[in-house]
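Colleague: My structure is below; once you've seen it, I'll send some questions.
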Amino acid sequence: MDSYEVLRRPIITEKNIALQGQNKYAFEVAEGANKRQVKEAVERAFNVKVVSVNVITVHGKTKRMGRHQVRTSPWKKALVTLGEGQKIQFFEGV
């Protein structure tokens with residue numbers, strides 16, 4: 001898998017913005033991506049040094065649409081911790 005296919009989008013929520021103070025950033029990643037691939041993709045895309053990566057599988061939720069029940073798709077989330085003094089400029093000012 002190419003490193004540019006690994007990262008899907010950044011996840012910007014109140015909780016993740018609070019984690020930026022601890023040098024932690026959240027991304028939605030490809031289903032088949034592992035920790036090593038996520039680390040290489042973030043380092044290549046943002047020119048930073050990654051210390052650790054935690055990968056979480058977010059299960060789909062059951063939702064109601066009228067009288068039908070549908071299930072949203074599961075997806076994979078990566079929580080990336082950067083080294084001291086490292087920042088991703090993409091997230092600044094959000």
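Numbering starts fresh at 1 for the residues of each chain in the structure tokens, the chains themselves are lettered A, B, ... in the order given, and ligands are numbered from 1 as they appear.
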Identify, on the basis of only C-alpha atoms, every residue whose closest approach to range 32-41 of chain A does not exceed 12 Å; exclude the query and any residue fewer than 4 positions from it along the same chain; express the result as a PDB file with all heavy atoms, in the first residue's frame.
Modeller:
ATOM      1  N   MET A   1       0.841  -1.172   0.000  1.00  0.00           N
ATOM      2  CA  MET A   1       0.000   0.000   0.000  1.00  0.00           C
ATOM      3  C   MET A   1       0.890   1.241   0.000  1.00  0.00           C
ATOM      4  O   MET A   1       1.829   1.347   0.782  1.00  0.00           O
ATOM      5  CB  MET A   1      -0.903  -0.020   1.244  1.00  0.00           C
ATOM      6  CG  MET A   1      -1.847   1.136   1.329  1.00  0.00           C
ATOM      7  SD  MET A   1      -2.925   1.098   2.779  1.00  0.00           S
ATOM      8  CE  MET A   1      -3.841  -0.386   2.500  1.00  0.00           C
ATOM      9  N   ASP A   2       0.597   2.188  -0.893  1.00  0.00           N
ATOM     10  CA  ASP A   2       1.355   3.421  -0.992  1.00  0.00           C
ATOM     11  C   ASP A   2       1.092   4.284   0.238  1.00  0.00           C
ATOM     12  O   ASP A   2      -0.012   4.276   0.790  1.00  0.00           O
ATOM     13  CB  ASP A   2       0.943   4.161  -2.265  1.00  0.00           C
ATOM     14  CG  ASP A   2       1.803   5.378  -2.527  1.00  0.00           C
ATOM     15  OD1 ASP A   2       2.987   5.362  -2.145  1.00  0.00           O
ATOM     16  OD2 ASP A   2       1.292   6.354  -3.100  1.00  0.00           O
ATOM     17  N   SER A   3       2.085   5.045   0.670  1.00  0.00           N
ATOM     18  CA  SER A   3       1.939   5.822   1.905  1.00  0.00           C
ATOM     19  C   SER A   3       0.881   6.918   1.772  1.00  0.00           C
ATOM     20  O   SER A   3       0.302   7.348   2.762  1.00  0.00           O
ATOM     21  CB  SER A   3       3.277   6.434   2.311  1.00  0.00           C
ATOM     22  OG  SER A   3       3.703   7.347   1.332  1.00  0.00           O
ATOM     23  N   TYR A   4       0.599   7.372   0.559  1.00  0.00           N
ATOM     24  CA  TYR A   4      -0.428   8.397   0.387  1.00  0.00           C
ATOM     25  C   TYR A   4      -1.830   7.800   0.391  1.00  0.00           C
ATOM     26  O   TYR A   4      -2.811   8.527   0.484  1.00  0.00           O
ATOM     27  CB  TYR A   4      -0.189   9.182  -0.899  1.00  0.00           C
ATOM     28  CG  TYR A   4       1.051  10.039  -0.795  1.00  0.00           C
ATOM     29  CD1 TYR A   4       2.219   9.689  -1.444  1.00  0.00           C
ATOM     30  CD2 TYR A   4       1.052  11.182  -0.007  1.00  0.00           C
ATOM     31  CE1 TYR A   4       3.358  10.458  -1.332  1.00  0.00           C
ATOM     32  CE2 TYR A   4       2.187  11.962   0.118  1.00  0.00           C
ATOM     33  CZ  TYR A   4       3.330  11.604  -0.550  1.00  0.00           C
ATOM     34  OH  TYR A   4       4.458  12.370  -0.421  1.00  0.00           O
ATOM     35  N   GLU A   5      -1.964   6.502   0.303  1.00  0.00           N
ATOM     36  CA  GLU A   5      -3.261   5.843   0.402  1.00  0.00           C
ATOM     37  C   GLU A   5      -3.618   5.502   1.846  1.00  0.00           C
ATOM     38  O   GLU A   5      -4.762   5.176   2.140  1.00  0.00           O
ATOM     39  CB  GLU A   5      -3.268   4.555  -0.421  1.00  0.00           C
ATOM     40  CG  GLU A   5      -3.100   4.768  -1.902  1.00  0.00           C
ATOM     41  CD  GLU A   5      -2.947   3.465  -2.659  1.00  0.00           C
ATOM     42  OE1 GLU A   5      -2.859   2.394  -2.012  1.00  0.00           O
ATOM     43  OE2 GLU A   5      -2.911   3.511  -3.887  1.00  0.00           O
ATOM     44  N   VAL A   6      -2.646   5.559   2.733  1.00  0.00           N
ATOM     45  CA  VAL A   6      -2.854   5.160   4.129  1.00  0.00           C
ATOM     46  C   VAL A   6      -3.706   6.189   4.870  1.00  0.00           C
ATOM     47  O   VAL A   6      -4.694   5.846   5.510  1.00  0.00           O
ATOM     48  CB  VAL A   6      -1.502   4.960   4.843  1.00  0.00           C
ATOM     49  CG1 VAL A   6      -1.708   4.722   6.323  1.00  0.00           C
ATOM     50  CG2 VAL A   6      -0.759   3.799   4.230  1.00  0.00           C
ATOM     51  N   LEU A   7      -3.350   7.469   4.787  1.00  0.00           N
ATOM     52  CA  LEU A   7      -4.082   8.519   5.496  1.00  0.00           C
ATOM     53  C   LEU A   7      -5.304   8.922   4.683  1.00  0.00           C
ATOM     54  O   LEU A   7      -5.186   9.309   3.527  1.00  0.00           O
ATOM     55  CB  LEU A   7      -3.188   9.741   5.723  1.00  0.00           C
ATOM     56  CG  LEU A   7      -1.957   9.529   6.587  1.00  0.00           C
ATOM     57  CD1 LEU A   7      -1.147  10.806   6.657  1.00  0.00           C
ATOM     58  CD2 LEU A   7      -2.331   9.070   7.968  1.00  0.00           C
ATOM     59  N   ARG A   8      -6.480   8.845   5.291  1.00  0.00           N
ATOM     60  CA  ARG A   8      -7.707   9.235   4.601  1.00  0.00           C
ATOM     61  C   ARG A   8      -8.053  10.688   4.877  1.00  0.00           C
ATOM     62  O   ARG A   8      -8.286  11.478   3.976  1.00  0.00           O
ATOM     63  CB  ARG A   8      -8.865   8.348   5.045  1.00  0.00           C
ATOM     64  CG  ARG A   8      -8.712   6.907   4.650  1.00  0.00           C
ATOM     65  CD  ARG A   8      -9.296   6.678   3.261  1.00  0.00           C
ATOM     66  NE  ARG A   8      -8.963   5.366   2.748  1.00  0.00           N
ATOM     67  CZ  ARG A   8      -9.683   4.277   2.951  1.00  0.00           C
ATOM     68  NH1 ARG A   8     -10.774   4.327   3.657  1.00  0.00           N
ATOM     69  NH2 ARG A   8      -9.290   3.133   2.436  1.00  0.00           N
ATOM     70  N   TYR A  25      -2.234  13.502  17.555  1.00  0.00           N
ATOM     71  CA  TYR A  25      -3.092  13.866  16.434  1.00  0.00           C
ATOM     72  C   TYR A  25      -3.833  12.625  15.954  1.00  0.00           C
ATOM     73  O   TYR A  25      -3.275  11.525  15.951  1.00  0.00           O
ATOM     74  CB  TYR A  25      -2.249  14.446  15.291  1.00  0.00           C
ATOM     75  CG  TYR A  25      -1.542  15.728  15.670  1.00  0.00           C
ATOM     76  CD1 TYR A  25      -0.275  15.709  16.247  1.00  0.00           C
ATOM     77  CD2 TYR A  25      -2.151  16.957  15.462  1.00  0.00           C
ATOM     78  CE1 TYR A  25       0.368  16.879  16.606  1.00  0.00           C
ATOM     79  CE2 TYR A  25      -1.517  18.137  15.810  1.00  0.00           C
ATOM     80  CZ  TYR A  25      -0.257  18.089  16.380  1.00  0.00           C
ATOM     81  OH  TYR A  25       0.375  19.259  16.742  1.00  0.00           O
ATOM     82  N   ALA A  26      -5.085  12.808  15.512  1.00  0.00           N
ATOM     83  CA  ALA A  26      -5.925  11.686  15.098  1.00  0.00           C
ATOM     84  C   ALA A  26      -6.181  11.754  13.594  1.00  0.00           C
ATOM     85  O   ALA A  26      -6.412  12.835  13.032  1.00  0.00           O
ATOM     86  CB  ALA A  26      -7.245  11.700  15.849  1.00  0.00           C
ATOM     87  N   PHE A  27      -6.150  10.578  12.945  1.00  0.00           N
ATOM     88  CA  PHE A  27      -6.401  10.449  11.515  1.00  0.00           C
ATOM     89  C   PHE A  27      -7.297   9.247  11.272  1.00  0.00           C
ATOM     90  O   PHE A  27      -7.205   8.243  11.975  1.00  0.00           O
ATOM     91  CB  PHE A  27      -5.093  10.218  10.745  1.00  0.00           C
ATOM     92  CG  PHE A  27      -4.138  11.367  10.806  1.00  0.00           C
ATOM     93  CD1 PHE A  27      -3.132  11.396  11.749  1.00  0.00           C
ATOM     94  CD2 PHE A  27      -4.243  12.414   9.910  1.00  0.00           C
ATOM     95  CE1 PHE A  27      -2.241  12.448  11.799  1.00  0.00           C
ATOM     96  CE2 PHE A  27      -3.351  13.471   9.948  1.00  0.00           C
ATOM     97  CZ  PHE A  27      -2.345  13.491  10.904  1.00  0.00           C
ATOM     98  N   GLU A  28      -8.128   9.348  10.234  1.00  0.00           N
ATOM     99  CA  GLU A  28      -8.808   8.162   9.720  1.00  0.00           C
ATOM    100  C   GLU A  28      -7.843   7.543   8.726  1.00  0.00           C
ATOM    101  O   GLU A  28      -7.281   8.240   7.878  1.00  0.00           O
ATOM    102  CB  GLU A  28     -10.108   8.526   9.025  1.00  0.00           C
ATOM    103  CG  GLU A  28     -10.838   7.327   8.477  1.00  0.00           C
ATOM    104  CD  GLU A  28     -12.126   7.676   7.776  1.00  0.00           C
ATOM    105  OE1 GLU A  28     -12.661   8.771   8.008  1.00  0.00           O
ATOM    106  OE2 GLU A  28     -12.598   6.829   6.998  1.00  0.00           O
ATOM    107  N   ALA A  45       4.393  12.757   4.961  1.00  0.00           N
ATOM    108  CA  ALA A  45       3.453  13.804   4.571  1.00  0.00           C
ATOM    109  C   ALA A  45       3.695  15.120   5.294  1.00  0.00           C
ATOM    110  O   ALA A  45       3.524  16.193   4.706  1.00  0.00           O
ATOM    111  CB  ALA A  45       2.020  13.328   4.812  1.00  0.00           C
ATOM    112  N   PHE A  46       4.093  15.077   6.574  1.00  0.00           N
ATOM    113  CA  PHE A  46       4.185  16.295   7.378  1.00  0.00           C
ATOM    114  C   PHE A  46       5.600  16.625   7.844  1.00  0.00           C
ATOM    115  O   PHE A  46       5.782  17.611   8.572  1.00  0.00           O
ATOM    116  CB  PHE A  46       3.253  16.181   8.593  1.00  0.00           C
ATOM    117  CG  PHE A  46       1.809  16.016   8.216  1.00  0.00           C
ATOM    118  CD1 PHE A  46       1.185  14.792   8.385  1.00  0.00           C
ATOM    119  CD2 PHE A  46       1.084  17.059   7.682  1.00  0.00           C
ATOM    120  CE1 PHE A  46      -0.145  14.621   8.046  1.00  0.00           C
ATOM    121  CE2 PHE A  46      -0.239  16.906   7.331  1.00  0.00           C
ATOM    122  CZ  PHE A  46      -0.855  15.684   7.509  1.00  0.00           C
ATOM    123  N   ASN A  47       6.602  15.843   7.487  1.00  0.00           N
ATOM    124  CA  ASN A  47       8.001  16.078   7.859  1.00  0.00           C
ATOM    125  C   ASN A  47       8.171  16.244   9.366  1.00  0.00           C
ATOM    126  O   ASN A  47       8.718  17.236   9.851  1.00  0.00           O
ATOM    127  CB  ASN A  47       8.558  17.307   7.131  1.00  0.00           C
ATOM    128  CG  ASN A  47       8.636  17.087   5.647  1.00  0.00           C
ATOM    129  OD1 ASN A  47       8.930  15.980   5.191  1.00  0.00           O
ATOM    130  ND2 ASN A  47       8.348  18.118   4.878  1.00  0.00           N
ATOM    131  N   VAL A  48       7.670  15.265  10.123  1.00  0.00           N
ATOM    132  CA  VAL A  48       7.782  15.257  11.581  1.00  0.00           C
ATOM    133  C   VAL A  48       8.326  13.909  12.027  1.00  0.00           C
ATOM    134  O   VAL A  48       8.389  12.964  11.242  1.00  0.00           O
ATOM    135  CB  VAL A  48       6.413  15.518  12.261  1.00  0.00           C
ATOM    136  CG1 VAL A  48       5.940  16.934  12.002  1.00  0.00           C
ATOM    137  CG2 VAL A  48       5.380  14.523  11.822  1.00  0.00           C
ATOM    138  N   LYS A  49       8.728  13.828  13.290  1.00  0.00           N
ATOM    139  CA  LYS A  49       9.214  12.580  13.871  1.00  0.00           C
ATOM    140  C   LYS A  49       8.114  11.982  14.738  1.00  0.00           C
ATOM    141  O   LYS A  49       7.676  12.590  15.713  1.00  0.00           O
ATOM    142  CB  LYS A  49      10.456  12.848  14.716  1.00  0.00           C
ATOM    143  CG  LYS A  49      11.041  11.633  15.355  1.00  0.00           C
ATOM    144  CD  LYS A  49      11.618  10.683  14.328  1.00  0.00           C
ATOM    145  CE  LYS A  49      12.224   9.499  15.049  1.00  0.00           C
ATOM    146  NZ  LYS A  49      12.392   8.368  14.162  1.00  0.00           N
ATOM    147  N   VAL A  50       7.651  10.780  14.391  1.00  0.00           N
ATOM    148  CA  VAL A  50       6.586  10.098  15.121  1.00  0.00           C
ATOM    149  C   VAL A  50       7.201   9.208  16.190  1.00  0.00           C
ATOM    150  O   VAL A  50       8.095   8.408  15.914  1.00  0.00           O
ATOM    151  CB  VAL A  50       5.715   9.263  14.156  1.00  0.00           C
ATOM    152  CG1 VAL A  50       4.689   8.466  14.929  1.00  0.00           C
ATOM    153  CG2 VAL A  50       5.043  10.168  13.141  1.00  0.00           C
ATOM    154  N   VAL A  51       6.712   9.340  17.434  1.00  0.00           N
ATOM    155  CA  VAL A  51       7.202   8.537  18.551  1.00  0.00           C
ATOM    156  C   VAL A  51       6.412   7.240  18.659  1.00  0.00           C
ATOM    157  O   VAL A  51       6.989   6.160  18.791  1.00  0.00           O
ATOM    158  CB  VAL A  51       7.124   9.334  19.871  1.00  0.00           C
ATOM    159  CG1 VAL A  51       7.518   8.471  21.044  1.00  0.00           C
ATOM    160  CG2 VAL A  51       7.994  10.567  19.798  1.00  0.00           C
ATOM    161  N   SER A  52       5.069   7.341  18.602  1.00  0.00           N
ATOM    162  CA  SER A  52       4.253   6.135  18.721  1.00  0.00           C
ATOM    163  C   SER A  52       2.955   6.299  17.951  1.00  0.00           C
ATOM    164  O   SER A  52       2.529   7.414  17.644  1.00  0.00           O
ATOM    165  CB  SER A  52       3.949   5.821  20.191  1.00  0.00           C
ATOM    166  OG  SER A  52       3.093   6.810  20.729  1.00  0.00           O
ATOM    167  N   VAL A  53       2.344   5.148  17.648  1.00  0.00           N
ATOM    168  CA  VAL A  53       1.072   5.111  16.923  1.00  0.00           C
ATOM    169  C   VAL A  53       0.153   4.109  17.621  1.00  0.00           C
ATOM    170  O   VAL A  53       0.561   2.990  17.911  1.00  0.00           O
ATOM    171  CB  VAL A  53       1.271   4.683  15.452  1.00  0.00           C
ATOM    172  CG1 VAL A  53      -0.060   4.581  14.742  1.00  0.00           C
ATOM    173  CG2 VAL A  53       2.186   5.645  14.726  1.00  0.00           C
ATOM    174  N   ASN A  54      -1.087   4.532  17.908  1.00  0.00           N
ATOM    175  CA  ASN A  54      -2.122   3.635  18.409  1.00  0.00           C
ATOM    176  C   ASN A  54      -3.196   3.535  17.349  1.00  0.00           C
ATOM    177  O   ASN A  54      -3.657   4.557  16.841  1.00  0.00           O
ATOM    178  CB  ASN A  54      -2.732   4.159  19.716  1.00  0.00           C
ATOM    179  CG  ASN A  54      -1.755   4.127  20.852  1.00  0.00           C
ATOM    180  OD1 ASN A  54      -0.828   3.329  20.851  1.00  0.00           O
ATOM    181  ND2 ASN A  54      -1.949   4.996  21.821  1.00  0.00           N
ATOM    182  N   VAL A  55      -3.599   2.314  17.007  1.00  0.00           N
ATOM    183  CA  VAL A  55      -4.605   2.091  15.972  1.00  0.00           C
ATOM    184  C   VAL A  55      -5.853   1.509  16.625  1.00  0.00           C
ATOM    185  O   VAL A  55      -5.777   0.556  17.393  1.00  0.00           O
ATOM    186  CB  VAL A  55      -4.065   1.155  14.873  1.00  0.00           C
ATOM    187  CG1 VAL A  55      -5.114   0.908  13.821  1.00  0.00           C
ATOM    188  CG2 VAL A  55      -2.828   1.748  14.234  1.00  0.00           C
ATOM    189  N   ILE A  56      -7.009   2.109  16.300  1.00  0.00           N
ATOM    190  CA  ILE A  56      -8.282   1.700  16.885  1.00  0.00           C
ATOM    191  C   ILE A  56      -9.240   1.382  15.754  1.00  0.00           C
ATOM    192  O   ILE A  56      -9.341   2.143  14.797  1.00  0.00           O
ATOM    193  CB  ILE A  56      -8.879   2.830  17.757  1.00  0.00           C
ATOM    194  CG1 ILE A  56      -7.887   3.246  18.839  1.00  0.00           C
ATOM    195  CG2 ILE A  56     -10.201   2.432  18.368  1.00  0.00           C
ATOM    196  CD1 ILE A  56      -7.522   4.681  18.787  1.00  0.00           C
ATOM    197  N   THR A  57      -9.970   0.279  15.851  1.00  0.00           N
ATOM    198  CA  THR A  57     -11.029  -0.017  14.903  1.00  0.00           C
ATOM    199  C   THR A  57     -12.343   0.460  15.498  1.00  0.00           C
ATOM    200  O   THR A  57     -12.754   0.000  16.556  1.00  0.00           O
ATOM    201  CB  THR A  57     -11.101  -1.527  14.600  1.00  0.00           C
ATOM    202  OG1 THR A  57      -9.845  -1.953  14.071  1.00  0.00           O
ATOM    203  CG2 THR A  57     -12.202  -1.816  13.591  1.00  0.00           C
ATOM    204  N   TRP A  75     -14.649   1.694  10.541  1.00  0.00           N
ATOM    205  CA  TRP A  75     -13.483   2.389  10.004  1.00  0.00           C
ATOM    206  C   TRP A  75     -12.351   2.325  11.012  1.00  0.00           C
ATOM    207  O   TRP A  75     -12.534   1.914  12.148  1.00  0.00           O
ATOM    208  CB  TRP A  75     -13.827   3.826   9.626  1.00  0.00           C
ATOM    209  CG  TRP A  75     -14.463   4.638  10.713  1.00  0.00           C
ATOM    210  CD1 TRP A  75     -15.755   4.542  11.152  1.00  0.00           C
ATOM    211  CD2 TRP A  75     -13.850   5.646  11.513  1.00  0.00           C
ATOM    212  NE1 TRP A  75     -15.979   5.427  12.158  1.00  0.00           N
ATOM    213  CE2 TRP A  75     -14.831   6.134  12.400  1.00  0.00           C
ATOM    214  CE3 TRP A  75     -12.588   6.189  11.557  1.00  0.00           C
ATOM    215  CZ2 TRP A  75     -14.571   7.138  13.314  1.00  0.00           C
ATOM    216  CZ3 TRP A  75     -12.325   7.199  12.464  1.00  0.00           C
ATOM    217  CH2 TRP A  75     -13.314   7.656  13.324  1.00  0.00           C
ATOM    218  N   LYS A  76     -11.172   2.712  10.589  1.00  0.00           N
ATOM    219  CA  LYS A  76      -9.986   2.599  11.421  1.00  0.00           C
ATOM    220  C   LYS A  76      -9.445   3.990  11.732  1.00  0.00           C
ATOM    221  O   LYS A  76      -9.371   4.848  10.854  1.00  0.00           O
ATOM    222  CB  LYS A  76      -8.926   1.773  10.698  1.00  0.00           C
ATOM    223  CG  LYS A  76      -7.864   1.218  11.605  1.00  0.00           C
ATOM    224  CD  LYS A  76      -6.891   0.369  10.822  1.00  0.00           C
ATOM    225  CE  LYS A  76      -7.095  -1.079  11.136  1.00  0.00           C
ATOM    226  NZ  LYS A  76      -6.012  -1.916  10.609  1.00  0.00           N
ATOM    227  N   LYS A  77      -9.090   4.190  13.004  1.00  0.00           N
ATOM    228  CA  LYS A  77      -8.579   5.470  13.477  1.00  0.00           C
ATOM    229  C   LYS A  77      -7.170   5.256  14.023  1.00  0.00           C
ATOM    230  O   LYS A  77      -6.905   4.251  14.680  1.00  0.00           O
ATOM    231  CB  LYS A  77      -9.501   6.005  14.561  1.00  0.00           C
ATOM    232  CG  LYS A  77      -9.043   7.307  15.189  1.00  0.00           C
ATOM    233  CD  LYS A  77     -10.113   7.939  16.063  1.00  0.00           C
ATOM    234  CE  LYS A  77     -10.330   7.237  17.346  1.00  0.00           C
ATOM    235  NZ  LYS A  77     -11.209   7.992  18.274  1.00  0.00           N
ATOM    236  N   ALA A  78      -6.291   6.224  13.759  1.00  0.00           N
ATOM    237  CA  ALA A  78      -4.929   6.170  14.281  1.00  0.00           C
ATOM    238  C   ALA A  78      -4.672   7.406  15.128  1.00  0.00           C
ATOM    239  O   ALA A  78      -4.959   8.528  14.703  1.00  0.00           O
ATOM    240  CB  ALA A  78      -3.914   6.104  13.150  1.00  0.00           C
ATOM    241  N   LEU A  79      -4.139   7.201  16.319  1.00  0.00           N
ATOM    242  CA  LEU A  79      -3.750   8.288  17.209  1.00  0.00           C
ATOM    243  C   LEU A  79      -2.224   8.332  17.206  1.00  0.00           C
ATOM    244  O   LEU A  79      -1.570   7.404  17.681  1.00  0.00           O
ATOM    245  CB  LEU A  79      -4.293   8.038  18.620  1.00  0.00           C
ATOM    246  CG  LEU A  79      -4.253   9.197  19.575  1.00  0.00           C
ATOM    247  CD1 LEU A  79      -5.101  10.350  19.046  1.00  0.00           C
ATOM    248  CD2 LEU A  79      -4.762   8.775  20.928  1.00  0.00           C
ATOM    249  N   VAL A  80      -1.670   9.407  16.651  1.00  0.00           N
ATOM    250  CA  VAL A  80      -0.236   9.528  16.416  1.00  0.00           C
ATOM    251  C   VAL A  80       0.359  10.481  17.443  1.00  0.00           C
ATOM    252  O   VAL A  80      -0.131  11.593  17.616  1.00  0.00           O
ATOM    253  CB  VAL A  80       0.028  10.060  14.987  1.00  0.00           C
ATOM    254  CG1 VAL A  80       1.508  10.235  14.736  1.00  0.00           C
ATOM    255  CG2 VAL A  80      -0.581   9.125  13.962  1.00  0.00           C
ATOM    256  N   THR A  81       1.419  10.048  18.136  1.00  0.00           N
ATOM    257  CA  THR A  81       2.126  10.885  19.099  1.00  0.00           C
ATOM    258  C   THR A  81       3.434  11.338  18.473  1.00  0.00           C
ATOM    259  O   THR A  81       4.217  10.513  17.983  1.00  0.00           O
ATOM    260  CB  THR A  81       2.420  10.111  20.393  1.00  0.00           C
ATOM    261  OG1 THR A  81       1.188   9.599  20.913  1.00  0.00           O
ATOM    262  CG2 THR A  81       3.076  11.005  21.423  1.00  0.00           C
ATOM    263  N   LEU A  82       3.671  12.655  18.484  1.00  0.00           N
ATOM    264  CA  LEU A  82       4.889  13.220  17.911  1.00  0.00           C
ATOM    265  C   LEU A  82       5.918  13.483  18.998  1.00  0.00           C
ATOM    266  O   LEU A  82       5.591  13.537  20.179  1.00  0.00           O
ATOM    267  CB  LEU A  82       4.562  14.538  17.194  1.00  0.00           C
ATOM    268  CG  LEU A  82       3.521  14.473  16.095  1.00  0.00           C
ATOM    269  CD1 LEU A  82       3.346  15.846  15.471  1.00  0.00           C
ATOM    270  CD2 LEU A  82       3.894  13.462  15.036  1.00  0.00           C
TER     271      LEU A  82
END
Colleague: Mind the document's chain letters and residue numbers, and return as a PyMOL selection string the residues of range 48-91 of chain A that DSSP labels strand (DSSP E).
Modeller: chain A and resi 50-58+62-65+68-71+75-82
Colleague: Between CA of Ile88 in chain A and CA of Asn23 in chain A, what distance in Å does the model show, to one decimal?
Modeller: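 Calculated distance between CA of Ile88 in chain A and CA of Asn23 in chain A is 9.0 Å.
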Colleague: Write down as a list in words the residues belonging to chain A that are assigned helix (DSSP H, G or I) by DSSP computed on the backbone.
Modeller: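 Here are the helix (DSSP H, G or I) residues of chain A: Ser3, Tyr4, Glu5, Val6, Glu14, Lys15, Asn16, Ile17, Ala18, Leu19, Gln20, Gly21, Gln22, Lys35, Arg36, Gln37, Val38, Lys39, Glu40, Ala41, Val42, Glu43, Arg44, Ala45, Phe46, Gln89, Phe90 and Phe91 of chain A.
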Colleague: What separation in Å, quoted to one decimal, exists between CA of Gln89 in chain A and CA of Ile11 in chain A?
Modeller: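 Those two atoms sit 14.5 Å apart.
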Colleague: Could you check how far CA of Thr13 in chain A sits from CA of Glu43 in chain A, in Å to one decimal?
Modeller: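 CA of Glu43 in chain A lies at a distance of 22.2 Å from CA of Thr13 in chain A.
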Colleague: Between A:Val70, A:Ile12, A:Val42, A:Val29, which residue has the minimum interatomic distance to Val58 in chain A, considering only C-alpha atoms?
Modeller: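 Among A:Val70, A:Ile12, A:Val42, A:Val29, it is A:Val29 that comes nearest to Val58 in chain A.
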Colleague: So which residues touch Thr62 in chain A within 8 Å, counting only C-alpha atoms, skipping near sequence neighbours fewer than 5 positions away, as an MDAnalysis selection string?
Modeller: chainID A and resid 69:72
